[in-house]
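Chemist: So here's structure-v8.csv, just CSV, C-alpha atoms and all ligand atoms:
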```csv
chain,number,residue,atom,x,y,z
A,1,MET,CA,8.2,7.0,12.3
A,2,ALA,CA,9.7,6.7,8.8
A,3,LEU,CA,12.6,8.9,9.9
A,4,ILE,CA,13.3,6.6,12.9
A,5,LEU,CA,13.2,3.5,10.6
A,6,THR,CA,15.6,5.0,8.1
A,7,MET,CA,18.0,5.9,11.0
A,8,ASN,CA,17.9,2.3,12.4
A,9,PRO,CA,20.2,0.1,10.3
A,10,ALA,CA,19.0,-3.0,12.1
A,11,SER,CA,15.5,-2.7,10.7
A,12,GLU,CA,16.9,-1.9,7.3
A,13,PHE,CA,18.7,-5.2,7.3
A,14,GLN,CA,15.6,-6.9,8.6
A,15,THR,CA,13.5,-5.5,5.7
A,16,ARG,CA,16.2,-6.5,3.2
A,17,TYR,CA,16.5,-10.0,4.5
A,18,ARG,CA,12.8,-10.4,4.7
A,19,SER,CA,12.5,-9.7,1.0
A,20,LEU,CA,15.0,-12.4,0.0
A,21,SER,CA,14.2,-16.1,-0.8
A,22,SER,CA,15.2,-18.8,1.7
A,23,PHE,CA,17.8,-19.9,-0.8
A,24,GLU,CA,19.4,-16.5,-0.9
A,25,LEU,CA,19.3,-16.2,2.8
A,26,GLU,CA,21.0,-19.5,3.3
A,27,ALA,CA,23.6,-18.5,0.7
A,28,ILE,CA,24.4,-15.4,2.7
A,29,ALA,CA,24.6,-17.5,5.9
A,30,LEU,CA,27.0,-20.0,4.3
A,31,LYS,CA,29.2,-17.5,2.5
A,32,ARG,CA,29.2,-14.2,4.4
A,33,SER,CA,27.7,-14.4,7.9
A,34,ALA,CA,31.0,-14.5,9.7
A,35,ILE,CA,32.0,-11.1,8.4
A,36,LEU,CA,28.7,-9.3,8.6
A,37,PRO,CA,28.4,-6.4,11.0
A,38,PRO,CA,26.7,-7.4,14.2
A,39,GLN,CA,23.4,-5.6,13.4
A,40,ALA,CA,23.2,-7.4,10.0
A,41,LEU,CA,24.0,-10.7,11.7
A,42,THR,CA,21.2,-10.1,14.3
A,43,ALA,CA,18.7,-9.4,11.5
A,44,LEU,CA,19.9,-12.4,9.5
A,45,ARG,CA,19.6,-14.6,12.6
A,46,LYS,CA,16.1,-13.4,13.3
A,47,GLU,CA,14.9,-14.0,9.8
A,48,LEU,CA,16.5,-17.5,9.6
A,49,ASP,CA,14.9,-18.3,13.0
A,50,ARG,CA,11.5,-17.1,11.7
A,51,ARG,CA,11.8,-19.5,8.7
A,52,GLY,CA,13.2,-22.4,10.8
A,53,LEU,CA,16.6,-22.2,9.1
A,54,SER,CA,18.7,-21.2,12.0
A,55,SER,CA,21.1,-24.2,11.9
A,56,SER,CA,22.4,-23.1,8.5
A,57,LEU,CA,23.7,-19.9,10.1
A,58,ARG,CA,25.8,-21.8,12.7
A,59,ARG,CA,27.1,-24.3,10.0
A,60,GLY,CA,27.9,-21.4,7.7
A,61,ILE,CA,29.9,-19.5,10.3
A,62,ASP,CA,31.9,-22.6,11.3
A,63,ALA,CA,32.7,-23.4,7.7
A,64,GLN,CA,33.8,-19.8,7.0
A,65,VAL,CA,36.0,-19.5,10.1
A,66,ARG,CA,37.8,-22.7,9.3
A,67,ARG,CA,38.8,-21.3,5.9
A,68,TRP,CA,40.0,-17.9,7.2
A,69,THR,CA,43.5,-16.7,6.2
A,70,LYS,CA,45.6,-14.4,8.4
A,71,ASP,CA,44.2,-11.3,6.6
A,72,ASP,CA,40.6,-12.5,7.1
A,73,LEU,CA,41.3,-12.9,10.8
A,74,ALA,CA,43.0,-9.4,11.0
A,75,ALA,CA,39.9,-7.9,9.3
A,76,PHE,CA,37.6,-9.7,11.7
A,77,ILE,CA,39.7,-8.5,14.7
A,78,GLU,CA,39.3,-4.9,13.4
A,79,GLN,CA,35.6,-5.4,13.0
A,80,TYR,CA,35.2,-6.9,16.4
A,81,ARG,CA,37.0,-3.9,18.0
A,82,HIS,CA,34.1,-1.7,16.8
A,83,ARG,CA,31.4,-3.7,18.6
A,84,PRO,CA,29.8,-2.3,21.8
A,85,CYS,CA,31.9,-3.0,24.9
A,86,PRO,CA,30.8,-6.3,26.5
A,87,ARG,CA,31.1,-4.7,30.0
A,88,CYS,CA,29.5,-1.3,29.7
A,89,GLY,CA,27.6,-1.6,26.4
A,90,VAL,CA,29.0,1.7,25.1
A,91,GLN,CA,29.7,1.7,21.3
A,92,GLY,CA,32.4,3.7,19.6
A,93,ARG,CA,35.3,2.9,22.0
A,94,MET,CA,37.7,0.5,20.4
A,95,LEU,CA,37.7,-2.8,22.2
A,96,ASN,CA,40.9,-4.5,23.3
A,97,ALA,CA,42.1,-7.1,25.8
A,98,VAL,CA,44.7,-7.4,28.5
A,99,VAL,CA,45.5,-9.9,31.2
A,100,GLY,CA,45.1,-8.6,34.8
A,101,ALA,CA,46.2,-10.4,38.0
A,102,VAL,CA,45.0,-10.7,41.6
A,103,ALA,CA,47.0,-11.9,44.6
A,104,ARG,CA,45.2,-13.5,47.5
A,105,SER,CA,46.6,-15.0,50.7
A,106,PHE,CA,44.9,-17.7,52.8
A,107,ILE,CA,46.1,-19.1,56.1
A,108,VAL,CA,49.0,-21.1,54.7
A,109,THR,CA,48.9,-20.4,51.0
A,110,SER,CA,49.1,-17.4,48.6
A,111,THR,CA,48.0,-17.4,45.0
A,112,VAL,CA,48.2,-15.1,42.0
A,113,ARG,CA,45.4,-15.6,39.6
A,114,THR,CA,45.3,-14.1,36.1
A,115,LYS,CA,42.2,-13.0,34.3
A,116,LEU,CA,41.6,-12.0,30.6
A,117,LEU,CA,39.8,-8.7,30.4
A,118,VAL,CA,38.1,-7.8,27.2
A,119,GLY,CA,36.4,-4.4,26.9
A,120,CYS,CA,36.9,-0.7,26.2
A,121,SER,CA,39.9,1.0,27.8
A,122,SER,CA,37.9,2.6,30.6
A,123,CYS,CA,36.3,-0.7,31.7
A,124,MET,CA,39.7,-2.5,31.5
A,125,ARG,CA,41.3,0.3,33.6
A,126,THR,CA,38.5,0.1,36.2
A,127,GLU,CA,38.8,-3.7,36.5
A,128,LEU,CA,42.6,-3.6,36.7
A,129,GLU,CA,42.3,-1.0,39.6
A,130,ARG,CA,39.8,-3.3,41.3
A,131,LEU,CA,42.2,-6.3,41.0
A,132,SER,CA,45.1,-4.2,42.4
A,133,LYS,CA,43.0,-3.0,45.3
A,134,GLN,CA,41.9,-6.6,46.1
A,135,SER,CA,45.6,-7.7,46.0
A,136,LEU,CA,46.6,-4.9,48.4
A,137,LEU,CA,43.8,-5.8,50.8
A,138,PHE,CA,44.0,-9.6,50.7
A,139,GLY,CA,47.3,-10.6,49.0
A,140,TRP,CA,50.2,-9.3,51.0
A,141,TRP,CA,49.8,-10.9,54.5
A,142,GLY,CA,50.4,-14.6,53.6
A,143,ILE,CA,53.9,-15.8,54.6
A,144,PRO,CA,56.2,-16.4,52.8
A,145,SER,CA,54.9,-15.6,49.3
A,146,GLY,CA,52.1,-13.1,49.9
A,147,PRO,CA,54.2,-9.9,49.5
A,148,ALA,CA,56.0,-11.1,46.4
A,149,TYR,CA,52.8,-12.2,44.8
A,150,THR,CA,51.2,-8.9,45.6
A,151,VAL,CA,54.1,-7.0,44.0
A,152,ARG,CA,53.8,-9.3,40.9
A,153,ALA,CA,50.1,-8.8,40.6
A,154,LEU,CA,50.5,-5.0,40.9
A,155,SER,CA,53.2,-4.9,38.3
A,156,MET,CA,51.2,-7.0,35.9
A,157,ASN,CA,48.2,-4.7,36.3
A,158,SER,CA,50.2,-1.6,35.7
A,159,LYS,CA,51.7,-3.0,32.5
A,160,ALA,CA,48.3,-4.1,31.5
A,161,LYS,CA,46.9,-0.6,32.1
A,162,ALA,CA,49.5,0.9,29.8
A,163,ALA,CA,48.6,-1.8,27.1
A,164,ALA,CA,44.9,-1.0,27.6
A,165,LEU,CA,45.5,2.6,26.6
A,166,GLY,CA,47.4,1.7,23.4
A,167,ALA,CA,45.6,2.1,20.0
A,168,GLU,CA,46.8,-1.2,18.6
A,169,PRO,CA,45.1,-4.6,19.2
A,170,THR,CA,47.1,-6.4,21.9
A,171,PRO,CA,48.4,-10.0,21.4
A,172,GLU,CA,45.9,-11.0,24.1
A,173,LEU,CA,43.0,-9.8,22.0
A,174,CYS,CA,44.4,-11.4,18.8
A,175,ASN,CA,44.8,-14.7,20.6
A,176,TYR,CA,41.4,-14.5,22.2
A,177,ILE,CA,39.7,-13.9,18.9
A,178,ALA,CA,41.8,-16.5,17.0
A,179,SER,CA,40.9,-19.2,19.5
A,180,ASN,CA,37.2,-18.3,19.8
A,181,ALA,CA,36.5,-16.9,16.3
A,182,GLY,CA,33.5,-19.1,15.6
A,183,GLU,CA,31.8,-18.3,18.9
A,184,ILE,CA,32.5,-14.6,18.6
A,185,ALA,CA,31.3,-14.4,15.0
A,186,ALA,CA,28.1,-16.1,16.0
A,187,ASP,CA,27.5,-14.1,19.1
A,188,THR,CA,25.4,-11.0,19.0
A,189,ARG,CA,24.5,-10.8,22.7
A,190,SER,CA,26.1,-7.3,23.0
A,191,VAL,CA,23.8,-6.1,20.2
A,192,TYR,CA,20.7,-7.5,21.8
A,193,ARG,CA,21.7,-5.8,25.1
A,194,THR,CA,22.1,-2.3,23.6
A,195,ALA,CA,19.0,-2.7,21.5
A,196,ARG,CA,16.8,-3.0,24.6
B,1,ZN,ZN,33.3,-0.6,28.6
```
Represent the structure contained in this file as structure tokens.

Modeler:
Amino acid sequence: MALILTMNPASEFQTRYRSLSSFELEAIALKRSAILPPQALTALRKELDRRGLSSSLRRGIDAQVRRWTKDDLAAFIEQYRHRPCPRCGVQGRMLNAVVGAVARSFIVTSTVRTKLLVGCSSCMRTELERLSKQSLLFGWWGIPSGPAYTVRALSMNSKAKAAALGAEPTPELCNYIASNAGEIAADTRSVYRTAR
């Protein structure tokens, strides 16, 4: 049992936070919570909840994100990329984001809809292939725009597939994180999911 505990960083954080005073915990929430690794954030959230202090976490995260410089944001993006994949839950595959597209035709109209995909490269590839397959099945037959929209969706998806395999964070990922930094910093759902 002791071995399992020492190998589980989440419970190490929990033990550490449990030993701190409420004043110290609030100070961590106000000054450092937005950059804590997800497991530490989960433990901090649980301990603040237990003591009825959870609103200070949200306030702290908002205040920190508002003060972030470009370098802080870049560091946060790097940290986010190590989180478990929000689609398959696997950890250790660098997360990234691309925009995929799906063409659909109805009786008199055709559409191309775009979709932001955030996940590991294999989840993004699977989803892009699904969108391309749907476009081929349901996109092409609308006259006059169906075929052109289908070609456009397929070409967007093939470019996105190449970007999904790249090692660098895509502009789509950076934009997504920059515009949702507070939400993302506060969100540990993926950690809860893999912990079960
Ligand atoms: Zn995945």

Chemist: Taking only C-alpha atoms and all ligand atoms and a cut-off of 8 Å, can you tell me which residues surround ligand ZN 1 (chain B), written as a list in words?

Modeler: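 Protein and nucleic-acid residues within 8 Å of ligand ZN 1 (chain B): Pro84, Cys85, Pro86, Arg87, Cys88, Gly89, Val90, Arg93, Gly119, Cys120, Ser121, Ser122, Cys123 and Met124 of chain A.
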
Chemist: Please, what distance in Å, to one decimal, runs between CA of Ile184 in chain A and CA of Glu168 in chain A?

Modeler: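 CA of Glu168 in chain A lies 19.6 Å from CA of Ile184 in chain A.
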
Chemist: Could you work out how far CA of Leu41 in chain A lies from CA of Leu173 in chain A, giving the answer in Å with one decimal?

Modeler: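 Computed distance, CA of Leu173 in chain A to CA of Leu41 in chain A, equals 21.6 Å.
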
Chemist: Which is closest to Val102 in chain A among A:Ala63, A:Leu154, A:Val118, A:Ser54, if we use all atoms listed in the file?

Modeler: A:Leu154

Chemist: Give the answer as one residue: which of A:Ile61, A:Leu128, A:Ala43, A:Leu117 has the shortest atom-to-atom distance to Lys159 in chain A, using all atoms listed in the file?

Modeler: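 With all atoms listed in the file as the atom set, the closest residue is A:Leu128.
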
Chemist: Interatomic distance between CA of Pro169 in chain A and CA of Asn96 in chain A?

Modeler: 5.9 Å

Chemist: I want to know what sits within 10 Å of Val151 in chain A, based on all atoms listed in the file, with residues of the same chain fewer than 5 positions away left out; could you give that as a PDB file with C-alpha atoms, keeping the file's coordinate frame?

Modeler:
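Generated file (out.pdb):
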```
ATOM      1  CA  ALA A 103      47.000 -11.900  44.600  1.00  0.00           C
ATOM      2  CA  SER A 132      45.100  -4.200  42.400  1.00  0.00           C
ATOM      3  CA  SER A 135      45.600  -7.700  46.000  1.00  0.00           C
ATOM      4  CA  LEU A 136      46.600  -4.900  48.400  1.00  0.00           C
ATOM      5  CA  GLY A 139      47.300 -10.600  49.000  1.00  0.00           C
ATOM      6  CA  TRP A 140      50.200  -9.300  51.000  1.00  0.00           C
ATOM      7  CA  GLY A 146      52.100 -13.100  49.900  1.00  0.00           C
ATOM      8  CA  MET A 156      51.200  -7.000  35.900  1.00  0.00           C
ATOM      9  CA  ASN A 157      48.200  -4.700  36.300  1.00  0.00           C
TER      10      ASN A 157
END
```

Chemist: Which residues are near Ala160 in chain A? Cut-off 12 Å, only C-alpha atoms, ignore same chain within fewer than 4 positions. Put them as a VMD selection string.

Modeler: chain A and resid 96 to 101 114 to 118 121 124 to 129 131 to 132 153 to 156 164 to 166 170 to 172

Chemist: Please determine, counting all atoms listed in the file, which residue among A:Arg59, A:Lys133, A:Ala181, A:Tyr149 has the shortest atom-to-atom distance to Ala75 in chain A.

Modeler: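 Nearest to Ala75 in chain A: A:Ala181.
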
Chemist: Tell me which protein, DNA and RNA residues are within 9 Å of Arg18 in chain A, counting all atoms listed in the file, leaving out same-chain ones fewer than 6 positions away, and put them as a short mmCIF file (atom, residue, chain, number, x, y, z; two decimals) with C-alpha atoms, keeping the file's coordinate frame.

Modeler:
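The result, stored in part-v7.cif:
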```cif
data_model
loop_
_atom_site.label_atom_id
_atom_site.label_comp_id
_atom_site.auth_asym_id
_atom_site.auth_seq_id
_atom_site.Cartn_x
_atom_site.Cartn_y
_atom_site.Cartn_z
CA LEU A 25 19.30 -16.20 2.80
CA LEU A 44 19.90 -12.40 9.50
CA GLU A 47 14.90 -14.00 9.80
#
```

Chemist: Excluding Leu20 in chain A and any residue of its chain fewer than 5 positions from it, enumerate the residues within 12 Å of it, using all atoms listed in the file, and give them as a list in words.

Modeler: Phe13, Gln14, Thr15, Leu25, Glu26, Ala27, Ile28, Leu44, Glu47, Leu48 and Arg51 of chain A

Chemist: Report as a VMD selection string all protein, DNA and RNA residues lying within 10 Å of Leu73 in chain A, evaluated on only C-alpha atoms, omitting residues in the same chain fewer than 3 positions from it.

Modeler: chain A and resid 35 65 68 to 70 76 to 79 174 177 to 178 181
